[in-house]
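Have a look at query_18.txt below; it lists compact mmCIF, C-alpha atoms.
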# COMPACT_ATOMS: atom_id res chain seq x y z
CA MET A 292 6.82 -34.49 -2.40
CA ARG A 293 3.11 -34.65 -3.14
CA ARG A 294 0.91 -32.59 -0.82
CA SER A 295 -1.75 -34.27 1.33
CA PRO A 296 -5.41 -33.73 0.35
CA ARG A 297 -5.74 -31.34 3.28
CA GLU A 298 -2.76 -29.24 2.18
CA ARG A 299 -4.00 -29.28 -1.40
CA MET A 300 -7.38 -27.94 -0.32
CA VAL A 301 -5.85 -25.02 1.63
CA PHE A 302 -3.56 -24.25 -1.31
CA SER A 303 -6.45 -24.43 -3.81
CA ALA A 304 -8.64 -22.22 -1.62
CA ALA A 305 -5.85 -19.62 -1.50
CA GLN A 306 -5.39 -19.73 -5.29
CA LEU A 307 -9.10 -19.35 -5.98
CA ILE A 308 -9.50 -16.58 -3.37
CA ARG A 309 -6.59 -14.69 -4.96
CA ARG A 310 -8.55 -14.55 -8.23
CA ASN A 311 -12.19 -14.26 -7.26
CA GLY A 312 -12.28 -13.14 -3.65
CA VAL A 313 -13.72 -15.12 -0.74
CA ALA A 314 -17.40 -14.88 -1.60
CA GLY A 315 -16.61 -15.67 -5.24
CA THR A 316 -14.93 -18.94 -4.26
CA GLY A 317 -17.22 -21.93 -3.91
CA MET A 318 -16.47 -24.94 -1.73
CA ARG A 319 -17.16 -27.45 -4.50
CA GLU A 320 -14.79 -25.51 -6.71
CA VAL A 321 -12.06 -25.85 -4.07
CA VAL A 322 -12.57 -29.62 -3.86
CA ALA A 323 -12.41 -29.89 -7.66
CA HIS A 324 -9.33 -27.63 -7.95
CA ALA A 325 -7.56 -29.67 -5.24
CA ASP A 326 -8.54 -32.94 -6.89
CA ALA A 327 -9.68 -34.04 -3.42
CA PRO A 328 -12.18 -36.79 -2.65
CA ARG A 329 -15.79 -35.70 -2.12
CA GLY A 330 -16.67 -35.38 1.52
CA SER A 331 -13.05 -34.62 2.44
CA LEU A 332 -13.97 -30.99 3.07
CA GLN A 333 -16.27 -31.96 5.93
CA HIS A 334 -13.63 -34.38 7.21
CA TYR A 335 -10.67 -31.99 7.24
CA PHE A 336 -12.51 -28.71 7.87
CA PRO A 337 -15.31 -29.34 10.34
CA GLY A 338 -15.54 -25.56 10.75
CA GLY A 339 -16.67 -25.31 7.13
CA LYS A 340 -15.80 -22.51 4.74
CA ASP A 341 -14.78 -20.12 7.55
CA GLN A 342 -12.10 -22.53 8.70
CA LEU A 343 -10.86 -23.14 5.17
CA VAL A 344 -10.71 -19.42 4.34
CA ALA A 345 -8.90 -18.68 7.62
CA GLU A 346 -6.33 -21.37 6.83
CA ALA A 347 -5.93 -20.05 3.28
CA ALA A 348 -5.26 -16.53 4.63
CA TRP A 349 -2.73 -17.93 7.08
CA TRP A 350 -1.13 -19.97 4.27
CA GLY A 351 -0.69 -16.71 2.31
CA GLY A 352 1.22 -15.05 5.15
CA ASP A 353 3.35 -18.11 5.78
CA TYR A 354 4.17 -18.40 2.07
CA ALA A 355 5.14 -14.71 1.89
CA ALA A 356 7.32 -15.06 5.01
CA LYS A 357 9.16 -18.06 3.56
CA ARG A 358 9.69 -16.18 0.29
CA VAL A 359 11.49 -13.43 2.23
CA ASP A 360 14.11 -15.99 3.32
CA LYS A 361 14.47 -17.24 -0.25
CA PHE A 362 14.89 -13.70 -1.61
CA LEU A 363 17.51 -12.99 1.05
CA ALA A 364 19.49 -16.11 0.18
CA ALA A 365 19.46 -15.13 -3.51
CA LEU A 366 20.50 -11.48 -3.10
CA PRO A 367 24.15 -10.90 -4.00
CA GLU A 368 24.24 -7.87 -1.70
CA PRO A 369 21.37 -7.87 0.81
CA THR A 370 20.07 -4.35 1.43
CA PRO A 371 16.55 -3.29 2.50
CA GLY A 372 15.92 -1.71 -0.89
CA ALA A 373 17.08 -4.83 -2.74
CA LEU A 374 14.74 -6.96 -0.61
CA LEU A 375 11.75 -4.76 -1.51
CA ALA A 376 12.78 -4.88 -5.17
CA ALA A 377 12.85 -8.70 -5.01
CA MET A 378 9.43 -8.85 -3.32
CA ALA A 379 7.88 -6.48 -5.87
CA GLY A 380 9.76 -8.24 -8.67
CA GLN A 381 8.02 -11.53 -7.97
CA TRP A 382 4.61 -9.85 -8.16
CA ARG A 383 5.63 -8.14 -11.38
CA GLU A 384 6.59 -11.49 -12.94
CA ASP A 385 3.43 -13.20 -11.73
CA PHE A 386 1.26 -10.38 -13.06
CA LEU A 387 2.87 -10.44 -16.48
CA SER A 388 2.54 -14.22 -16.83
CA ASP A 389 -0.96 -14.40 -15.31
CA GLU A 390 -2.50 -11.24 -16.80
CA TYR A 391 -3.00 -9.66 -13.35
CA ARG A 392 -5.63 -12.24 -12.45
CA ALA A 393 -4.36 -13.22 -9.00
CA GLY A 394 -3.81 -10.83 -6.08
CA CYS A 395 -2.96 -11.41 -2.43
CA PRO A 396 -5.19 -13.92 -0.58
CA VAL A 397 -4.63 -12.10 2.74
CA ALA A 398 -5.89 -8.83 1.25
CA ALA A 399 -8.93 -10.64 -0.19
CA SER A 400 -9.78 -12.20 3.17
CA VAL A 401 -9.62 -8.77 4.86
CA VAL A 402 -11.79 -7.06 2.25
CA ASP A 403 -14.45 -9.77 2.15
CA CYS A 404 -14.51 -11.05 5.72
CA SER A 405 -12.98 -8.77 8.32
CA ALA A 406 -16.25 -6.93 9.05
CA ALA A 407 -18.32 -10.05 9.65
CA ASN A 408 -15.99 -12.92 10.44
CA PRO A 409 -13.67 -12.68 13.46
CA THR A 410 -11.99 -16.04 12.71
CA VAL A 411 -10.89 -14.98 9.24
CA ARG A 412 -9.95 -11.49 10.43
CA GLN A 413 -7.69 -13.00 13.12
CA ALA A 414 -6.10 -15.34 10.58
CA ALA A 415 -5.40 -12.36 8.29
CA SER A 416 -3.86 -10.47 11.21
CA ASP A 417 -1.66 -13.49 12.04
CA ALA A 418 -0.69 -13.78 8.38
CA PHE A 419 0.41 -10.13 8.22
CA ALA A 420 2.28 -10.60 11.52
CA ALA A 421 4.21 -13.61 10.21
CA TRP A 422 5.14 -11.74 7.04
CA GLN A 423 6.12 -8.58 8.95
CA ASP A 424 8.24 -10.63 11.37
CA ALA A 425 10.13 -12.21 8.48
CA VAL A 426 10.81 -8.84 6.85
CA ALA A 427 11.79 -7.19 10.16
CA THR A 428 14.16 -10.06 10.97
CA ALA A 429 15.75 -9.69 7.53
CA LEU A 430 16.17 -5.93 8.04
CA ARG A 431 17.78 -6.45 11.44
CA GLY A 432 20.25 -8.82 9.78
CA MET A 433 21.13 -5.87 7.50
CA HIS A 434 21.87 -3.70 10.56
CA VAL A 435 18.61 -1.78 10.71
CA PRO A 436 17.88 -0.96 14.39
CA TYR A 437 15.16 -3.08 16.05
CA ARG A 438 12.23 -0.65 16.27
CA ARG A 439 12.94 0.89 12.89
CA ALA A 440 13.04 -2.59 11.32
CA ARG A 441 9.51 -3.26 12.58
CA SER A 442 8.22 0.09 11.24
CA LEU A 443 9.86 -0.36 7.87
CA ALA A 444 8.58 -3.94 7.56
CA THR A 445 5.02 -2.62 8.01
CA LEU A 446 5.65 0.16 5.48
CA MET A 447 7.16 -2.25 2.93
CA ILE A 448 4.29 -4.73 3.17
CA GLY A 449 1.61 -2.03 3.21
CA ALA A 450 3.11 -0.21 0.23
CA LEU A 451 3.46 -3.51 -1.65
CA GLU A 452 -0.17 -4.52 -0.92
CA GLY A 453 -1.41 -1.15 -2.16
CA ALA A 454 0.76 -1.30 -5.28
CA ILE A 455 -0.66 -4.79 -6.00
CA LEU A 456 -4.20 -3.34 -5.90
CA ILE A 457 -3.32 -0.42 -8.18
CA ALA A 458 -1.36 -2.64 -10.60
CA ARG A 459 -4.29 -5.09 -10.92
CA ALA A 460 -6.72 -2.23 -11.55
CA GLU A 461 -4.42 -0.60 -14.12
CA ARG A 462 -3.16 -3.90 -15.58
CA ASP A 463 0.25 -2.26 -15.46
CA PRO A 464 3.26 -2.85 -13.18
CA ARG A 465 3.86 0.91 -12.92
CA ALA A 466 2.72 1.16 -9.27
CA LEU A 467 5.12 -1.64 -8.24
CA ASP A 468 8.03 0.05 -10.02
CA VAL A 469 7.24 3.48 -8.54
CA THR A 470 6.99 2.02 -5.04
CA VAL A 471 10.41 0.37 -5.26
CA ARG A 472 12.03 3.44 -6.82
CA GLU A 473 10.61 5.87 -4.27
CA LEU A 474 11.17 3.74 -1.15
CA ARG A 475 14.63 2.43 -1.99
CA PRO A 476 16.66 5.44 -0.73
CA LEU A 477 14.54 5.68 2.45
CA LEU A 478 15.03 1.97 3.19
CA ASP A 479 18.74 1.87 2.46
CA ALA A 480 19.35 4.97 4.60
CA ALA A 481 17.98 3.07 7.62
CA VAL A 482 21.01 0.78 7.69
CA ARG A 483 23.15 1.67 10.66
CA ASN A 484 26.87 1.34 10.03
CA PRO A 485 27.68 -2.26 10.83
CA PRO A 486 29.84 -2.64 13.94
CA VAL A 487 33.56 -2.61 13.13
CA PRO A 488 34.78 -6.21 13.36
CA ALA A 489 37.14 -6.84 16.26
CA ARG A 490 40.81 -6.56 15.27
CA PRO A 491 43.65 -8.42 16.90
CA ALA A 492 45.56 -6.39 19.51
CA GLY A 493 48.28 -4.15 18.04
CA ALA A 494 46.52 -3.86 14.67
CA ARG A 495 44.24 -0.93 15.41
CA VAL A 496 44.64 0.65 12.02
CA ALA A 497 43.32 -0.85 8.79
CA PRO A 498 46.08 -2.31 6.58
CA GLY A 499 47.22 0.03 3.85
CA ARG A 500 46.39 3.15 5.82
CA PRO A 501 49.39 5.07 7.15
CA ARG A 502 49.77 4.45 10.85
CA PRO A 503 49.70 7.63 12.95
CA ALA A 504 52.81 8.54 14.93
CA PRO A 505 52.69 7.07 18.47
CA SER A 506 52.21 10.51 20.07
CA ALA A 507 49.14 11.25 17.89
CA ALA A 508 47.66 7.82 18.64
CA ARG A 509 48.06 8.44 22.37
CA THR A 510 46.43 11.86 22.12
CA ARG A 511 43.37 10.35 20.36
CA SER A 512 42.86 7.48 22.74
CA GLY A 513 43.33 9.87 25.67
CA ARG A 514 40.35 12.02 24.60
CA MET B 165 -29.85 18.68 -0.62
CA ARG B 166 -31.43 15.24 -0.72
CA ARG B 167 -29.78 12.83 -3.14
CA SER B 168 -31.75 11.35 -6.03
CA PRO B 169 -32.71 7.64 -5.79
CA ARG B 170 -30.02 6.88 -8.37
CA GLU B 171 -27.32 8.68 -6.34
CA ARG B 172 -28.54 7.02 -3.17
CA MET B 173 -28.21 3.58 -4.73
CA VAL B 174 -24.62 4.19 -5.87
CA PHE B 175 -23.77 5.57 -2.43
CA SER B 176 -25.44 2.61 -0.67
CA ALA B 177 -23.70 0.11 -2.93
CA ALA B 178 -20.33 1.70 -2.07
CA GLN B 179 -21.09 1.61 1.67
CA LEU B 180 -22.14 -2.04 1.59
CA ILE B 181 -19.19 -3.05 -0.61
CA ARG B 182 -16.82 -1.33 1.83
CA ARG B 183 -18.06 -3.64 4.58
CA ASN B 184 -18.82 -6.94 2.91
CA GLY B 185 -17.04 -6.92 -0.44
CA VAL B 186 -18.73 -7.07 -3.83
CA ALA B 187 -19.95 -10.66 -3.76
CA GLY B 188 -21.18 -10.17 -0.19
CA THR B 189 -23.39 -7.26 -1.26
CA GLY B 190 -26.86 -8.21 -2.53
CA MET B 191 -28.87 -6.06 -4.90
CA ARG B 192 -32.00 -6.16 -2.75
CA GLU B 193 -29.88 -5.04 0.17
CA VAL B 194 -28.69 -2.01 -1.84
CA VAL B 195 -32.28 -1.04 -2.69
CA ALA B 196 -33.30 -1.35 0.97
CA HIS B 197 -30.25 0.57 2.25
CA ALA B 198 -30.93 3.36 -0.28
CA ASP B 199 -34.62 3.45 0.62
CA ALA B 200 -35.27 3.31 -3.13
CA PRO B 201 -38.46 2.16 -4.81
CA ARG B 202 -38.58 -1.47 -5.93
CA GLY B 203 -37.79 -1.85 -9.60
CA SER B 204 -35.69 1.31 -9.61
CA LEU B 205 -32.54 -0.80 -9.88
CA GLN B 206 -33.59 -2.13 -13.27
CA HIS B 207 -34.64 1.37 -14.29
CA TYR B 208 -31.45 3.21 -13.33
CA PHE B 209 -28.94 0.40 -13.86
CA PRO B 210 -29.94 -1.57 -16.94
CA GLY B 211 -26.45 -3.13 -16.86
CA GLY B 212 -27.41 -4.79 -13.56
CA LYS B 213 -25.03 -5.41 -10.67
CA ASP B 214 -21.90 -4.95 -12.81
CA GLN B 215 -22.96 -1.42 -13.69
CA LEU B 216 -23.85 -0.57 -10.10
CA VAL B 217 -20.55 -1.96 -8.74
CA ALA B 218 -18.56 -0.09 -11.40
CA GLU B 219 -20.32 3.15 -10.48
CA ALA B 220 -19.73 2.50 -6.77
CA ALA B 221 -16.01 2.00 -7.42
CA TRP B 222 -15.91 5.19 -9.45
CA TRP B 223 -17.83 7.01 -6.69
CA GLY B 224 -15.11 5.91 -4.22
CA GLY B 225 -12.32 7.45 -6.32
CA ASP B 226 -14.28 10.64 -6.92
CA TYR B 227 -15.05 10.97 -3.19
CA ALA B 228 -11.39 10.44 -2.28
CA ALA B 229 -10.30 13.02 -4.88
CA LYS B 230 -12.74 15.62 -3.51
CA ARG B 231 -11.54 14.92 0.04
CA VAL B 232 -8.00 15.84 -1.06
CA ASP B 233 -9.21 19.35 -1.93
CA LYS B 234 -11.00 19.62 1.43
CA PHE B 235 -7.91 18.49 3.35
CA LEU B 236 -5.80 21.01 1.44
CA ALA B 237 -8.17 23.87 2.26
CA ALA B 238 -8.07 22.93 5.95
CA LEU B 239 -4.29 22.58 6.31
CA PRO B 240 -2.71 25.57 8.06
CA GLU B 241 0.59 24.85 6.28
CA PRO B 242 0.15 22.59 3.25
CA THR B 243 3.07 20.16 2.89
CA PRO B 244 3.07 16.72 1.24
CA GLY B 245 3.57 15.05 4.63
CA ALA B 246 0.71 17.00 6.20
CA LEU B 247 -1.56 15.96 3.33
CA LEU B 248 -0.76 12.28 3.87
CA ALA B 249 -1.32 12.73 7.61
CA ALA B 250 -4.75 14.24 6.91
CA MET B 251 -5.68 11.41 4.52
CA ALA B 252 -4.59 8.73 7.01
CA GLY B 253 -6.16 10.69 9.86
CA GLN B 254 -9.61 10.44 8.32
CA TRP B 255 -9.27 6.66 8.01
CA ARG B 256 -8.05 6.49 11.61
CA GLU B 257 -11.13 8.40 12.83
CA ASP B 258 -13.52 6.32 10.73
CA PHE B 259 -11.95 3.08 11.96
CA LEU B 260 -12.20 4.07 15.59
CA SER B 261 -15.84 5.13 15.30
CA ASP B 262 -16.87 2.23 13.06
CA GLU B 263 -14.82 -0.60 14.61
CA TYR B 264 -12.81 -1.13 11.42
CA ARG B 265 -15.86 -2.46 9.61
CA ALA B 266 -15.58 -0.42 6.42
CA GLY B 267 -12.57 -0.39 4.07
CA CYS B 268 -12.04 1.15 0.63
CA PRO B 269 -14.68 0.33 -2.00
CA VAL B 270 -12.13 0.64 -4.82
CA ALA B 271 -9.89 -1.96 -3.17
CA ALA B 272 -12.88 -4.27 -2.71
CA SER B 273 -13.87 -3.97 -6.34
CA VAL B 274 -10.32 -4.86 -7.45
CA VAL B 275 -10.06 -7.88 -5.13
CA ASP B 276 -13.46 -9.32 -6.02
CA CYS B 277 -13.89 -8.36 -9.65
CA SER B 278 -10.73 -7.42 -11.51
CA ALA B 279 -10.00 -10.99 -12.66
CA ALA B 280 -13.44 -11.64 -14.13
CA ASN B 281 -15.10 -8.32 -14.82
CA PRO B 282 -13.44 -5.84 -17.21
CA THR B 283 -16.10 -3.15 -16.62
CA VAL B 284 -15.51 -3.06 -12.87
CA ARG B 285 -11.74 -3.31 -13.31
CA GLN B 286 -11.77 -0.29 -15.64
CA ALA B 287 -13.92 1.67 -13.18
CA ALA B 288 -11.44 0.86 -10.38
CA SER B 289 -8.57 1.99 -12.59
CA ASP B 290 -10.40 5.25 -13.36
CA ALA B 291 -11.12 5.72 -9.66
CA PHE B 292 -7.45 5.33 -8.74
CA ALA B 293 -6.53 7.70 -11.61
CA ALA B 294 -8.91 10.41 -10.36
CA TRP B 295 -7.56 10.08 -6.82
CA GLN B 296 -3.93 10.09 -7.99
CA ASP B 297 -4.57 13.16 -10.18
CA ALA B 298 -6.00 15.05 -7.21
CA VAL B 299 -3.03 14.18 -4.99
CA ALA B 300 -0.47 14.94 -7.75
CA THR B 301 -2.12 18.31 -8.43
CA ALA B 302 -1.99 19.11 -4.72
CA LEU B 303 1.71 18.17 -4.57
CA ARG B 304 2.52 20.34 -7.58
CA GLY B 305 0.83 23.23 -5.79
CA MET B 306 3.33 22.61 -2.97
CA HIS B 307 6.23 22.93 -5.47
CA VAL B 308 6.91 19.25 -6.02
CA PRO B 309 8.20 18.81 -9.60
CA TYR B 310 5.70 17.34 -12.09
CA ARG B 311 6.97 13.78 -12.58
CA ARG B 312 7.90 13.37 -8.93
CA ALA B 313 4.41 14.54 -7.91
CA ARG B 314 2.89 11.74 -9.99
CA SER B 315 5.21 9.11 -8.49
CA LEU B 316 4.63 10.28 -4.93
CA ALA B 317 0.85 10.40 -5.44
CA THR B 318 0.96 6.72 -6.45
CA LEU B 319 3.18 5.88 -3.47
CA MET B 320 0.94 7.78 -1.02
CA ILE B 321 -2.26 6.12 -2.25
CA GLY B 322 -0.68 2.66 -2.46
CA ALA B 323 0.85 2.90 1.01
CA LEU B 324 -2.46 4.19 2.42
CA GLU B 325 -4.45 1.35 0.77
CA GLY B 326 -2.05 -1.22 2.21
CA ALA B 327 -2.13 0.37 5.66
CA ILE B 328 -5.96 0.27 5.53
CA LEU B 329 -5.82 -3.50 4.89
CA ILE B 330 -3.34 -4.13 7.72
CA ALA B 331 -5.23 -1.86 10.14
CA ARG B 332 -8.52 -3.66 9.47
CA ALA B 333 -6.87 -7.07 9.97
CA GLU B 334 -5.15 -5.94 13.19
CA ARG B 335 -8.06 -3.77 14.38
CA ASP B 336 -5.38 -1.24 15.23
CA PRO B 337 -4.40 2.08 13.59
CA ARG B 338 -0.70 1.27 14.01
CA ALA B 339 -0.07 0.66 10.29
CA LEU B 340 -1.60 4.05 9.41
CA ASP B 341 0.56 5.82 12.00
CA VAL B 342 3.74 4.03 10.90
CA THR B 343 3.07 4.87 7.25
CA VAL B 344 2.69 8.58 7.96
CA ARG B 345 5.70 8.69 10.27
CA GLU B 346 7.99 6.86 7.85
CA LEU B 347 6.90 8.63 4.65
CA ARG B 348 6.70 12.16 6.02
CA PRO B 349 10.41 13.08 5.68
CA LEU B 350 10.59 11.52 2.20
CA LEU B 351 7.52 13.46 1.03
CA ASP B 352 8.53 16.79 2.51
CA ALA B 353 12.03 16.52 1.04
CA ALA B 354 10.48 16.41 -2.45
CA VAL B 355 9.43 20.06 -2.21
CA ARG B 356 11.59 22.13 -4.50
CA ASN B 357 12.39 25.63 -3.23
CA PRO B 358 9.57 27.86 -4.50
CA PRO B 359 10.65 30.25 -7.29
CA VAL B 360 11.84 33.64 -6.07
CA PRO B 361 9.05 36.18 -6.74
CA ALA B 362 9.76 38.66 -9.57
CA ARG B 363 11.28 41.94 -8.43
CA PRO B 364 10.57 45.36 -9.98
CA ALA B 365 13.16 46.63 -12.51
CA GLY B 366 16.13 48.42 -10.96
CA ALA B 367 15.81 46.44 -7.73
CA ARG B 368 17.82 43.39 -8.72
CA VAL B 369 19.44 43.05 -5.34
CA ALA B 370 17.55 42.25 -2.18
CA PRO B 371 17.30 45.24 0.19
CA GLY B 372 19.95 45.24 2.87
CA ARG B 373 22.48 43.40 0.72
CA PRO B 374 25.39 45.55 -0.56
CA ARG B 375 24.99 46.29 -4.24
CA PRO B 376 27.90 45.09 -6.40
CA ALA B 377 30.01 47.71 -8.18
CA PRO B 378 28.77 48.48 -11.74
CA SER B 379 31.80 46.87 -13.36
CA ALA B 380 31.16 43.58 -11.52
CA ALA B 381 27.49 43.66 -12.50
CA ARG B 382 28.43 44.14 -16.19
CA THR B 383 30.92 41.31 -16.09
CA ARG B 384 28.25 38.94 -14.74
CA SER B 385 25.55 39.84 -17.23
CA GLY B 386 28.13 39.60 -20.06
CA ARG B 387 28.84 35.91 -19.28
Can I see the file as structure tokens?
Amino acid sequence: MRRSPRERMVFSAAQLIRRNGVAGTGMREVVAHADAPRGSLQHYFPGGKDQLVAEAAWWGGDYAAKRVDKFLAALPEPTPGALLAAMAGQWREDFLSDEYRAGCPVAASVVDCSAANPTVRQAASDAFAAWQDAVATALRGMHVPYRRARSLATLMIGALEGAILIARAERDPRALDVTVRELRPLLDAAVRNPPVPARPAGARVAPGRPRPAPSAARTRSGR
Amino acid sequence: MRRSPRERMVFSAAQLIRRNGVAGTGMREVVAHADAPRGSLQHYFPGGKDQLVAEAAWWGGDYAAKRVDKFLAALPEPTPGALLAAMAGQWREDFLSDEYRAGCPVAASVVDCSAANPTVRQAASDAFAAWQDAVATALRGMHVPYRRARSLATLMIGALEGAILIARAERDPRALDVTVRELRPLLDAAVRNPPVPARPAGARVAPGRPRPAPSAARTRSGR
């Protein structure tokens, strides 16, 4: 399905911002990159560059959130550590194929705009919130308790954003690899034992395990 | 001690870049902020804005590295978790007094310049390296093994950089607090037991512990 000119402009803005930052991205360049008709910028984004940058930041968070669902669906055994490895793995691949040229558009919008532009700052905050919600929901599905899932989602996204910065500066995926390796045990240890599935009455003991003598069973349940 | 005009310009460039990003920082603005004589920019920075931005990024890493030593000296009980708490604590204070206007100049230089400007990218890489070296050295002083200290230094700086981005977007120190709370146990568990101090000859057994019979002692040393 071909994207509308409006969607193409938001997408193009995000791609250019990822490479050159917000101030380094010109409006004419966005129109050209999106192959959009002249004058369409004014038509679709009456709020000008601020509106376009805010929508590009939001697009970045929405894209990242949707990727979390895709990673989850593709994981043979979904664990918090495996999810972080998949998230970092995509950045690693992109960096190696793109020579570390493109970073995170949400990070760029914060660095360039959050001091002076409340619209963009709010869009970046919403983008992080959408991404954190997606990760926290995934963690809860892996039996991480509710509040912990929210904390760990913030840690995972923060650590990934920082590793992206260091990796781009170093032109080396080392920081991504270190982050996954160091956080993996912490993340996986946050999984609470999943609740024991309900068993039919009279089958209280797992098959294959010797059944305790009736007296012992009574003693236990009487405690 | 009053800084030289050259030092003032690097410092001013870093402060303006922290707020408005690299592209959002004008050269005339740097000269005005530094209260430097007109024409001094050309004199001190013949490489122009690229040179000034690269030096500002490097200044950021050097400043952060020196802060690590100051935090260490001020900690009543130096542990890896307490060091991270001190690092995040300074950002928390700055954010609350400055309304989240200023972020990290190294991060800004990566976001705005690393794709297009190898000089600035290299300066950002050197800045991260100086900061990571300072943290790794501090961790080794707390009896974290060498390779682990390097990994954890990268994790601490990456997680802090990401938390800075999220905190600025949210205008809330929550991400900093979560990062410290979640990483603290992981960091402190990396401390290896410090080596037992050397004992004087003939005092091989700690006082108060019964001394083994001579035959048993010979058998052990003969193994």
Fill in: Over all C-alpha atoms paired in order - RMSD of chain A on chain B
1.3 Å
Practice prompt. Write out as a ChimeraX atom specification each polymer residue whose atoms come within 10 Å of Val194 in chain B, counting only C-alpha atoms; drop sequence neighbours fewer than 2 positions from it.
Written response: /B:172-181,189-192,196-200,205,216
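Picture a line from CA of Arg459 in chain A to CA of Asp424 in chain A; it runs 26.2 Å.
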Practice prompt. Excluding Met251 in chain B and any residue of its chain fewer than 3 positions from it, enumerate the residues within 12 Å of it, using all atoms listed in the file, and give them as a ChimeraX atom specification.
Written response: /B:228-236,238-239,244-248,254-258,295,299,317,320-321,323-325,327-328,340-341,343-344
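Proximity to Val342 in chain B was assessed for B:Ala249, B:Asp276, B:Ser261, B:Glu219 counting all atoms listed in the file; the smallest distance is recorded for B:Ala249.
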Which residues of chain A sit at most 8 Å from chain B, using all atoms listed in the file? Give each one's shortest atom pair and distance in Å (one decimal place), in chain and ascending residue order, as JSON lines.
{"residue": "A:Arg309", "atom": "CA", "partner": "B:Val275", "partner_atom": "CA", "distance": 7.6}
{"residue": "A:Arg310", "atom": "CA", "partner": "B:Ala279", "partner_atom": "CA", "distance": 5.9}
{"residue": "A:Asn311", "atom": "CA", "partner": "B:Asp276", "partner_atom": "CA", "distance": 5.2}
{"residue": "A:Gly312", "atom": "CA", "partner": "B:Asp276", "partner_atom": "CA", "distance": 4.6}
{"residue": "A:Val313", "atom": "CA", "partner": "B:Asp276", "partner_atom": "CA", "distance": 7.8}
{"residue": "A:Ala314", "atom": "CA", "partner": "B:Ala187", "partner_atom": "CA", "distance": 5.4}
{"residue": "A:Gly315", "atom": "CA", "partner": "B:Ala187", "partner_atom": "CA", "distance": 6.2}
{"residue": "A:Tyr391", "atom": "CA", "partner": "B:Ala279", "partner_atom": "CA", "distance": 7.2}
{"residue": "A:Arg392", "atom": "CA", "partner": "B:Ala279", "partner_atom": "CA", "distance": 4.6}
{"residue": "A:Ala393", "atom": "CA", "partner": "B:Ala279", "partner_atom": "CA", "distance": 7.1}
{"residue": "A:Gly394", "atom": "CA", "partner": "B:Val275", "partner_atom": "CA", "distance": 7.0}
{"residue": "A:Ala398", "atom": "CA", "partner": "B:Leu329", "partner_atom": "CA", "distance": 6.5}
{"residue": "A:Ala399", "atom": "CA", "partner": "B:Val275", "partner_atom": "CA", "distance": 5.8}
{"residue": "A:Val401", "atom": "CA", "partner": "B:Ala333", "partner_atom": "CA", "distance": 6.0}
{"residue": "A:Val402", "atom": "CA", "partner": "B:Ala272", "partner_atom": "CA", "distance": 5.8}
{"residue": "A:Asp403", "atom": "CA", "partner": "B:Gly185", "partner_atom": "CA", "distance": 4.6}
{"residue": "A:Cys404", "atom": "CA", "partner": "B:Asn184", "partner_atom": "CA", "distance": 6.6}
{"residue": "A:Ser405", "atom": "CA", "partner": "B:Ala333", "partner_atom": "CA", "distance": 6.6}
{"residue": "A:Ala406", "atom": "CA", "partner": "B:Arg265", "partner_atom": "CA", "distance": 4.5}
{"residue": "A:Ala407", "atom": "CA", "partner": "B:Asn184", "partner_atom": "CA", "distance": 7.4}
{"residue": "A:Arg412", "atom": "CA", "partner": "B:Ala333", "partner_atom": "CA", "distance": 5.4}
{"residue": "A:Gln413", "atom": "CA", "partner": "B:Ala333", "partner_atom": "CA", "distance": 6.8}
{"residue": "A:Ala415", "atom": "CA", "partner": "B:Ala333", "partner_atom": "CA", "distance": 5.7}
{"residue": "A:Ser416", "atom": "CA", "partner": "B:Ala333", "partner_atom": "CA", "distance": 4.7}
{"residue": "A:Phe419", "atom": "CA", "partner": "B:Ile330", "partner_atom": "CA", "distance": 7.1}
{"residue": "A:Ser442", "atom": "CA", "partner": "B:Val342", "partner_atom": "CA", "distance": 6.0}
{"residue": "A:Leu443", "atom": "CA", "partner": "B:Glu346", "partner_atom": "CA", "distance": 7.5}
{"residue": "A:Thr445", "atom": "CA", "partner": "B:Ala339", "partner_atom": "CA", "distance": 6.5}
{"residue": "A:Leu446", "atom": "CA", "partner": "B:Thr343", "partner_atom": "CA", "distance": 5.7}
{"residue": "A:Ile448", "atom": "CA", "partner": "B:Gly326", "partner_atom": "CA", "distance": 7.3}
{"residue": "A:Gly449", "atom": "CA", "partner": "B:Gly326", "partner_atom": "CA", "distance": 3.9}
{"residue": "A:Ala450", "atom": "CA", "partner": "B:Ala323", "partner_atom": "CA", "distance": 3.9}
{"residue": "A:Leu451", "atom": "CA", "partner": "B:Gly326", "partner_atom": "CA", "distance": 7.1}
{"residue": "A:Glu452", "atom": "CA", "partner": "B:Gly326", "partner_atom": "CA", "distance": 4.9}
{"residue": "A:Gly453", "atom": "CA", "partner": "B:Gly322", "partner_atom": "CA", "distance": 3.9}
{"residue": "A:Ala454", "atom": "CA", "partner": "B:Gly322", "partner_atom": "CA", "distance": 5.1}
{"residue": "A:Leu456", "atom": "CA", "partner": "B:Ala271", "partner_atom": "CA", "distance": 6.5}
{"residue": "A:Ile457", "atom": "CA", "partner": "B:Gly322", "partner_atom": "CA", "distance": 7.0}
{"residue": "A:Arg459", "atom": "CA", "partner": "B:Ser278", "partner_atom": "CA", "distance": 6.9}
{"residue": "A:Ala460", "atom": "CA", "partner": "B:Ser289", "partner_atom": "CA", "distance": 4.7}
{"residue": "A:Glu461", "atom": "CA", "partner": "B:Ser289", "partner_atom": "CA", "distance": 5.1}
{"residue": "A:Ala466", "atom": "CA", "partner": "B:Thr318", "partner_atom": "CA", "distance": 6.5}
{"residue": "A:Val469", "atom": "CA", "partner": "B:Ser315", "partner_atom": "CA", "distance": 6.0}
{"residue": "A:Thr470", "atom": "CA", "partner": "B:Leu319", "partner_atom": "CA", "distance": 5.6}
{"residue": "A:Glu473", "atom": "CA", "partner": "B:Leu316", "partner_atom": "CA", "distance": 7.5}
{"residue": "A:Leu477", "atom": "CA", "partner": "B:Leu350", "partner_atom": "CA", "distance": 7.1}
